[in-house]
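Participant: Next up is a structure, given as structure tokens.
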Amino acid sequence: WEEKLEKIKRKRRAMAGVSQELGTLLGALRYSVLKRDGSIALGSSAPKLPTDGYVALVFVVGLFAFNWAFRLLVVQPVARVLLGAGSSERVLAGRVAKFSQAAMEAVFYGSFTLVGAAIVPAQPWIWPSKHWWIGFSTGEHSIMRDDLRCYYLLYGARYAQGTLTVLLEPKRKDFVEMVLHHLVTVAVVAISYLYGWNRVGAVVMLLLDPGDVPLHTAKMFKYVSEARHRNKLLAATCAFVADRVFELFALLFFVTRVAMYPYVCWSAHVEATRYFPKGLPEWTCVALLETLFALQCYWFFLILKVALVFIRTGHAEDVRSDDEDDPHTPDDRHKED
């Protein structure tokens, strides 16, 4: 009985530690995002294991629950109103699923873009890039400000839940690449968090999120345009907005992921070597960063394909959409018409 009681006490202490860590991290995140008067100095610490692992698990469960609760209770009912006129249930279900998927992606990418823009540029080491590496060999980089630690753990949790979500959503043509992207991102976040590569990791996070906000916004307008084809004015307006927002996405994608992201890879591969020798964990981070860049190049190739379609037809078409892009059968089209 004494052993059992001692185990119970240890579990309670561990749970109390996780609860305290959650409060500390979320409080620091809220303070930084809301840009208070700066009278409070935020705490800093190295990763705390296994406490941070439990915190990350709580974040995964929370984000997954939010994703599907908000999708089912808010987004899908709104999508049915926007997309449902004159559609059969089968057609409507496919459209609602695609619209909801795009809407939740826009919510997540948009939220993390705002949080990242509030936290990462405010770090004292943000520029020039040599500060991403100076002090790494002395262990200085393992000490992270609490707001950055929270952002980091939330970011990894977001992609962990995203991996599960991708498995539940309609399959796209780039399903394998998307799963690979999510898994590589989780690996990069975990390794960089534990081994002190958090500075370059935070910069990567800041660069990769903004472009996807207009992408998924454009897709939502495109879906409404297709569903409301009987209302020619509304359909034409939504199609026009979708094309313009897609152009913004292509520009942001090129600037952040094709032009700026390679500099990060160069800095990790070349500049970092000036300040410390690399071992297996460091070269693993470099390899994962360059794998992500290869995926960005693949997706930019798809964007160029969309651009060619746009030049020929005047409308952008999503080449990453579901394997069965058009849920209509001939009978469905006849019923709608």
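Chain labels run A, B, ... following the order of the structure tokens; each chain numbers its residues from 1, and ligands are numbered from 1 in the order shown.
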Report as JSON lines: every residue of stretch 198-282 of chain A with an atom at most 8 Å from stretch 136-148 of chain A, its closest pair of atoms, and their distance in Å to one decimal, counting only C-alpha atoms, with rows sorted by chain and ascending residue number.

Facilitator:
```
{"residue": "A:Asn198", "atom": "CA", "partner": "A:His141", "partner_atom": "CA", "distance": 7.3}
{"residue": "A:Arg199", "atom": "CA", "partner": "A:His141", "partner_atom": "CA", "distance": 7.6}
{"residue": "A:Tyr275", "atom": "CA", "partner": "A:Ser137", "partner_atom": "CA", "distance": 7.7}
{"residue": "A:Phe276", "atom": "CA", "partner": "A:Ser137", "partner_atom": "CA", "distance": 5.9}
```

Participant: List as a ChimeraX atom specification the protein and nucleic acid residues near A:Gly162, meaning an atom at most 8 Å away when only C-alpha atoms are counted, but skip any in the same chain fewer than 4 places from it.

Facilitator: /A:64,158,166,182

Participant: For the selection just defined, write its residues with N, CA and C atoms to a file, as an mmCIF file, in the first residue's frame.

Facilitator:
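In the end it all went to result.cif:
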```
data_model
loop_
_atom_site.group_PDB
_atom_site.id
_atom_site.type_symbol
_atom_site.label_atom_id
_atom_site.label_comp_id
_atom_site.auth_asym_id
_atom_site.auth_seq_id
_atom_site.Cartn_x
_atom_site.Cartn_y
_atom_site.Cartn_z
ATOM 1 N N PHE A 64 -6.904 19.344 -31.705
ATOM 2 C CA PHE A 64 -7.711 18.384 -32.470
ATOM 3 C C PHE A 64 -9.190 18.546 -32.129
ATOM 4 N N ARG A 158 0.110 21.388 -33.358
ATOM 5 C CA ARG A 158 -0.787 21.677 -34.482
ATOM 6 C C ARG A 158 -0.542 20.722 -35.648
ATOM 7 N N VAL A 166 -5.587 14.895 -41.544
ATOM 8 C CA VAL A 166 -5.421 14.583 -42.971
ATOM 9 C C VAL A 166 -5.924 13.179 -43.274
ATOM 10 N N HIS A 182 3.788 17.033 -42.886
ATOM 11 C CA HIS A 182 3.399 17.149 -41.489
ATOM 12 C C HIS A 182 4.359 16.381 -40.578
#
```

Participant: How close does each residue of stretch 184-264 of chain A get to stretch 289-307 of chain A, giving the shortest atom pair and distance in Å to one decimal for every residue with an atom at most 8 Å away, counting only C-alpha atoms, sorted by chain and residue number, as a tab-separated table?

Facilitator:
```
residue	atom	partner	partner_atom	distance
A:Val184	CA	A:Leu292	CA	7.4
A:Thr185	CA	A:Leu292	CA	7.9
A:Val188	CA	A:Leu289	CA	7.4
A:Ala250	CA	A:Ile303	CA	7.0
A:Phe253	CA	A:Phe300	CA	7.7
A:Phe254	CA	A:Phe300	CA	7.6
A:Arg257	CA	A:Gln296	CA	6.5
A:Val258	CA	A:Gln296	CA	7.1
A:Tyr261	CA	A:Phe293	CA	7.4
A:Pro262	CA	A:Phe293	CA	7.2
```

Participant: Would you please work out which residue, of A:Val203, A:Met220, A:Phe108, A:Tyr152, is nearest to A:Trp125 when using only C-alpha atoms?

Facilitator: A:Val203

Participant: Enumerate, as a PyMOL selection string, the complete set of residues in stretch 116-202 of chain A that a backbone-based DSSP assignment places in helix (DSSP H, G or I).

Facilitator: chain A and resi 116-122+129-132+140-142+146-168+175-195+198-202

Participant: Please provide as a list in words all residues within 8 Å of stretch 222-232 of chain A, with the sequence filter that same-chain residues fewer than 4 positions apart are discarded (counting only C-alpha atoms).

Facilitator: Leu82, Leu83, Gly84, Ala85, Ser87, Arg95, Phe99, Ala218, Ala236, Thr237, Cys238, Ala239 and Ala242 of chain A

Participant: Pick out the closest residue to A:Ala46 from this set: A:Asp209, A:Tyr195, A:Trp283, A:Arg244. Count only C-alpha atoms.

Facilitator: A:Tyr195

Participant: Would you pick out the contacts of A:Val186 at 12 Å or less, using only C-alpha atoms, so that residues sharing its chain but fewer than 6 positions from it are not included, and give the list as a PyMOL selection string?

Facilitator: chain A and resi 56+60+152-163+179-180+192-193+201+205+285+288-289+292

Participant: If you keep C-alpha atoms, can you produce a file of those selected residues as a tab-separated table (two decimals), in the first residue's frame?

Facilitator:
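Saved to result.tsv:
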```tsv
chain	number	residue	atom	x	y	z
A	56	ALA	CA	2.51	19.04	-25.98
A	60	VAL	CA	-2.49	18.08	-29.52
A	152	TYR	CA	6.99	26.13	-30.28
A	153	LEU	CA	5.03	23.42	-28.48
A	154	LEU	CA	1.75	24.64	-29.96
A	155	TYR	CA	3.26	24.60	-33.44
A	156	GLY	CA	4.41	21.00	-33.14
A	157	ALA	CA	1.06	20.00	-31.63
A	158	ARG	CA	-0.79	21.68	-34.48
A	159	TYR	CA	1.00	19.57	-37.09
A	160	ALA	CA	0.66	16.41	-35.00
A	161	GLN	CA	-3.12	16.86	-34.90
A	162	GLY	CA	-2.97	17.89	-38.57
A	163	THR	CA	-1.47	14.51	-39.44
A	179	VAL	CA	1.50	13.54	-44.69
A	180	LEU	CA	5.26	13.63	-45.26
A	192	SER	CA	15.18	21.62	-32.83
A	193	TYR	CA	13.34	22.17	-29.54
A	201	GLY	CA	13.15	26.76	-36.10
A	205	MET	CA	7.71	28.69	-38.61
A	285	CYS	CA	18.10	19.21	-38.66
A	288	LEU	CA	15.02	17.94	-42.56
A	289	LEU	CA	15.14	21.65	-43.42
A	292	LEU	CA	11.04	20.80	-46.47
```

Participant: Write out as JSON, numbers by chain the residues lying within 8 Å of stretch 264-270 of chain A, counting only C-alpha atoms and excluding same-chain residues fewer than 3 positions away.

Facilitator: {"A": [129, 200, 204, 260, 261, 273, 274, 286, 289, 290]}

Participant: Please produce a file of the residues just selected, as a PDB file, in the first residue's frame, where the atoms kept are all heavy atoms.

Facilitator:
```pdb
ATOM      1  N   SER A 129      21.442  37.082 -38.898  1.00  0.00           N
ATOM      2  CA  SER A 129      21.258  35.644 -38.765  1.00  0.00           C
ATOM      3  C   SER A 129      22.394  34.948 -38.024  1.00  0.00           C
ATOM      4  O   SER A 129      22.218  33.811 -37.567  1.00  0.00           O
ATOM      5  CB  SER A 129      21.082  35.002 -40.147  1.00  0.00           C
ATOM      6  OG  SER A 129      22.212  35.243 -40.973  1.00  0.00           O
ATOM      7  N   VAL A 200      16.480  29.109 -35.332  1.00  0.00           N
ATOM      8  CA  VAL A 200      16.203  28.933 -36.758  1.00  0.00           C
ATOM      9  C   VAL A 200      14.847  28.265 -36.947  1.00  0.00           C
ATOM     10  O   VAL A 200      14.126  28.547 -37.904  1.00  0.00           O
ATOM     11  CB  VAL A 200      17.330  28.128 -37.436  1.00  0.00           C
ATOM     12  CG1 VAL A 200      17.337  26.671 -36.983  1.00  0.00           C
ATOM     13  CG2 VAL A 200      17.207  28.211 -38.954  1.00  0.00           C
ATOM     14  N   VAL A 204      11.758  29.588 -39.341  1.00  0.00           N
ATOM     15  CA  VAL A 204      11.091  28.750 -40.344  1.00  0.00           C
ATOM     16  C   VAL A 204       9.583  28.776 -40.138  1.00  0.00           C
ATOM     17  O   VAL A 204       8.802  28.902 -41.096  1.00  0.00           O
ATOM     18  CB  VAL A 204      11.632  27.311 -40.277  1.00  0.00           C
ATOM     19  CG1 VAL A 204      10.791  26.376 -41.147  1.00  0.00           C
ATOM     20  CG2 VAL A 204      13.086  27.268 -40.723  1.00  0.00           C
ATOM     21  N   MET A 260      13.015  33.443 -49.619  1.00  0.00           N
ATOM     22  CA  MET A 260      13.574  33.653 -48.294  1.00  0.00           C
ATOM     23  C   MET A 260      13.974  32.353 -47.589  1.00  0.00           C
ATOM     24  O   MET A 260      15.013  32.299 -46.923  1.00  0.00           O
ATOM     25  CB  MET A 260      12.572  34.429 -47.421  1.00  0.00           C
ATOM     26  CG  MET A 260      12.242  35.815 -47.956  1.00  0.00           C
ATOM     27  SD  MET A 260      10.968  36.667 -46.992  1.00  0.00           S
ATOM     28  CE  MET A 260      11.882  36.997 -45.484  1.00  0.00           C
ATOM     29  N   TYR A 261      13.187  31.321 -47.745  1.00  0.00           N
ATOM     30  CA  TYR A 261      13.470  30.060 -47.037  1.00  0.00           C
ATOM     31  C   TYR A 261      14.820  29.455 -47.415  1.00  0.00           C
ATOM     32  O   TYR A 261      15.529  28.921 -46.538  1.00  0.00           O
ATOM     33  CB  TYR A 261      12.338  29.064 -47.265  1.00  0.00           C
ATOM     34  CG  TYR A 261      12.530  27.765 -46.520  1.00  0.00           C
ATOM     35  CD1 TYR A 261      12.289  27.689 -45.154  1.00  0.00           C
ATOM     36  CD2 TYR A 261      12.969  26.620 -47.167  1.00  0.00           C
ATOM     37  CE1 TYR A 261      12.472  26.500 -44.460  1.00  0.00           C
ATOM     38  CE2 TYR A 261      13.159  25.434 -46.477  1.00  0.00           C
ATOM     39  CZ  TYR A 261      12.905  25.379 -45.131  1.00  0.00           C
ATOM     40  OH  TYR A 261      13.103  24.210 -44.442  1.00  0.00           O
ATOM     41  N   THR A 273      28.169  26.509 -39.417  1.00  0.00           N
ATOM     42  CA  THR A 273      29.442  25.790 -39.292  1.00  0.00           C
ATOM     43  C   THR A 273      30.568  26.707 -38.840  1.00  0.00           C
ATOM     44  O   THR A 273      31.575  26.253 -38.298  1.00  0.00           O
ATOM     45  CB  THR A 273      29.803  25.128 -40.637  1.00  0.00           C
ATOM     46  OG1 THR A 273      28.673  24.386 -41.101  1.00  0.00           O
ATOM     47  CG2 THR A 273      30.976  24.178 -40.488  1.00  0.00           C
ATOM     48  N   ARG A 274      30.414  28.009 -39.024  1.00  0.00           N
ATOM     49  CA  ARG A 274      31.441  28.963 -38.590  1.00  0.00           C
ATOM     50  C   ARG A 274      31.507  29.078 -37.072  1.00  0.00           C
ATOM     51  O   ARG A 274      32.495  29.562 -36.522  1.00  0.00           O
ATOM     52  CB  ARG A 274      31.161  30.340 -39.182  1.00  0.00           C
ATOM     53  CG  ARG A 274      31.116  30.369 -40.710  1.00  0.00           C
ATOM     54  CD  ARG A 274      30.626  31.720 -41.200  1.00  0.00           C
ATOM     55  NE  ARG A 274      30.471  31.748 -42.651  1.00  0.00           N
ATOM     56  CZ  ARG A 274      29.897  32.740 -43.328  1.00  0.00           C
ATOM     57  NH1 ARG A 274      29.433  33.800 -42.658  1.00  0.00           N
ATOM     58  NH2 ARG A 274      29.774  32.687 -44.646  1.00  0.00           N
ATOM     59  N   VAL A 286      19.562  19.882 -40.482  1.00  0.00           N
ATOM     60  CA  VAL A 286      19.845  20.435 -41.808  1.00  0.00           C
ATOM     61  C   VAL A 286      19.141  19.614 -42.885  1.00  0.00           C
ATOM     62  O   VAL A 286      18.509  20.163 -43.808  1.00  0.00           O
ATOM     63  CB  VAL A 286      21.368  20.475 -42.063  1.00  0.00           C
ATOM     64  CG1 VAL A 286      21.656  20.839 -43.519  1.00  0.00           C
ATOM     65  CG2 VAL A 286      22.035  21.475 -41.130  1.00  0.00           C
ATOM     66  N   LEU A 289      15.413  20.328 -42.848  1.00  0.00           N
ATOM     67  CA  LEU A 289      15.136  21.646 -43.420  1.00  0.00           C
ATOM     68  C   LEU A 289      15.191  21.593 -44.946  1.00  0.00           C
ATOM     69  O   LEU A 289      14.349  22.188 -45.638  1.00  0.00           O
ATOM     70  CB  LEU A 289      16.139  22.674 -42.896  1.00  0.00           C
ATOM     71  CG  LEU A 289      15.983  23.118 -41.439  1.00  0.00           C
ATOM     72  CD1 LEU A 289      17.168  23.983 -41.023  1.00  0.00           C
ATOM     73  CD2 LEU A 289      14.680  23.880 -41.243  1.00  0.00           C
ATOM     74  N   GLU A 290      16.169  20.886 -45.481  1.00  0.00           N
ATOM     75  CA  GLU A 290      16.300  20.804 -46.934  1.00  0.00           C
ATOM     76  C   GLU A 290      15.234  19.905 -47.549  1.00  0.00           C
ATOM     77  O   GLU A 290      14.818  20.116 -48.692  1.00  0.00           O
ATOM     78  CB  GLU A 290      17.714  20.340 -47.277  1.00  0.00           C
ATOM     79  CG  GLU A 290      18.753  21.398 -46.899  1.00  0.00           C
ATOM     80  CD  GLU A 290      20.186  20.959 -47.121  1.00  0.00           C
ATOM     81  OE1 GLU A 290      20.408  19.749 -47.382  1.00  0.00           O
ATOM     82  OE2 GLU A 290      21.090  21.813 -47.035  1.00  0.00           O
TER      83      GLU A 290
END
```

Participant: For stretch 69-72 of chain A, find every residue with an atom within 10 Å (counting only C-alpha atoms), except residues of its own chain fewer than 3 positions away, and show them as a tab-separated table (two decimals) with N, CA, C and O atoms, in the first residue's frame.

Facilitator:
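Saved to part01.tsv:
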```
chain	number	residue	atom	x	y	z
A	63	LEU	N	-6.11	21.06	-29.66
A	63	LEU	CA	-6.23	21.57	-31.04
A	63	LEU	C	-7.06	20.65	-31.91
A	63	LEU	O	-7.83	21.10	-32.76
A	64	PHE	N	-6.90	19.34	-31.71
A	64	PHE	CA	-7.71	18.38	-32.47
A	64	PHE	C	-9.19	18.55	-32.13
A	64	PHE	O	-10.05	18.55	-33.02
A	65	ALA	N	-9.48	18.68	-30.83
A	65	ALA	CA	-10.88	18.86	-30.41
A	65	ALA	C	-11.44	20.17	-30.95
A	65	ALA	O	-12.58	20.21	-31.44
A	66	PHE	N	-10.65	21.25	-30.88
A	66	PHE	CA	-11.11	22.53	-31.43
A	66	PHE	C	-11.36	22.42	-32.92
A	66	PHE	O	-12.38	22.92	-33.44
A	75	VAL	N	-18.51	25.75	-38.90
A	75	VAL	CA	-18.14	25.86	-40.31
A	75	VAL	C	-19.08	25.07	-41.22
A	75	VAL	O	-19.55	25.61	-42.23
A	76	GLN	N	-19.37	23.84	-40.88
A	76	GLN	CA	-20.22	23.04	-41.76
A	76	GLN	C	-21.64	23.58	-41.89
A	76	GLN	O	-22.19	23.61	-43.01
A	77	PRO	N	-22.30	24.04	-40.80
A	77	PRO	CA	-23.61	24.67	-40.99
A	77	PRO	C	-23.57	25.90	-41.89
A	77	PRO	O	-24.45	26.10	-42.73
A	78	VAL	N	-22.54	26.73	-41.72
A	78	VAL	CA	-22.40	27.90	-42.59
A	78	VAL	C	-22.16	27.47	-44.03
A	78	VAL	O	-22.73	28.02	-44.98
A	79	ALA	N	-21.32	26.44	-44.21
A	79	ALA	CA	-21.03	25.95	-45.55
A	79	ALA	C	-22.28	25.42	-46.23
A	79	ALA	O	-22.47	25.61	-47.44
A	97	ALA	N	-17.54	19.26	-47.23
A	97	ALA	CA	-16.29	18.70	-46.71
A	97	ALA	C	-15.09	19.48	-47.20
A	97	ALA	O	-14.17	19.82	-46.43
A	100	SER	N	-15.11	23.05	-45.67
A	100	SER	CA	-14.76	23.02	-44.24
A	100	SER	C	-13.28	22.78	-44.05
A	100	SER	O	-12.64	23.37	-43.16
A	101	GLN	N	-12.72	21.91	-44.87
A	101	GLN	CA	-11.29	21.65	-44.81
A	101	GLN	C	-10.50	22.93	-45.08
A	101	GLN	O	-9.58	23.27	-44.33
A	103	ALA	N	-11.57	26.03	-44.81
A	103	ALA	CA	-11.84	27.03	-43.77
A	103	ALA	C	-11.00	26.78	-42.53
A	103	ALA	O	-10.42	27.72	-41.95
A	104	MET	N	-10.90	25.52	-42.09
A	104	MET	CA	-10.11	25.23	-40.90
A	104	MET	C	-8.62	25.45	-41.15
A	104	MET	O	-7.89	25.89	-40.24
```

Participant: If you measure from atom CA of A:Gly279 to atom CA of A:Thr256, what distance in Å do you get, rounded to one decimal?

Facilitator: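 Atom CA of A:Gly279 sits 28.5 Å away from atom CA of A:Thr256.
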
Participant: Please measure the separation of atom CA of A:Lys98 and atom CA of A:Leu308, giving the value in Å to one decimal.

Facilitator: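 According to the coordinates, atom CA of A:Lys98 and atom CA of A:Leu308 are separated by 23.5 Å.
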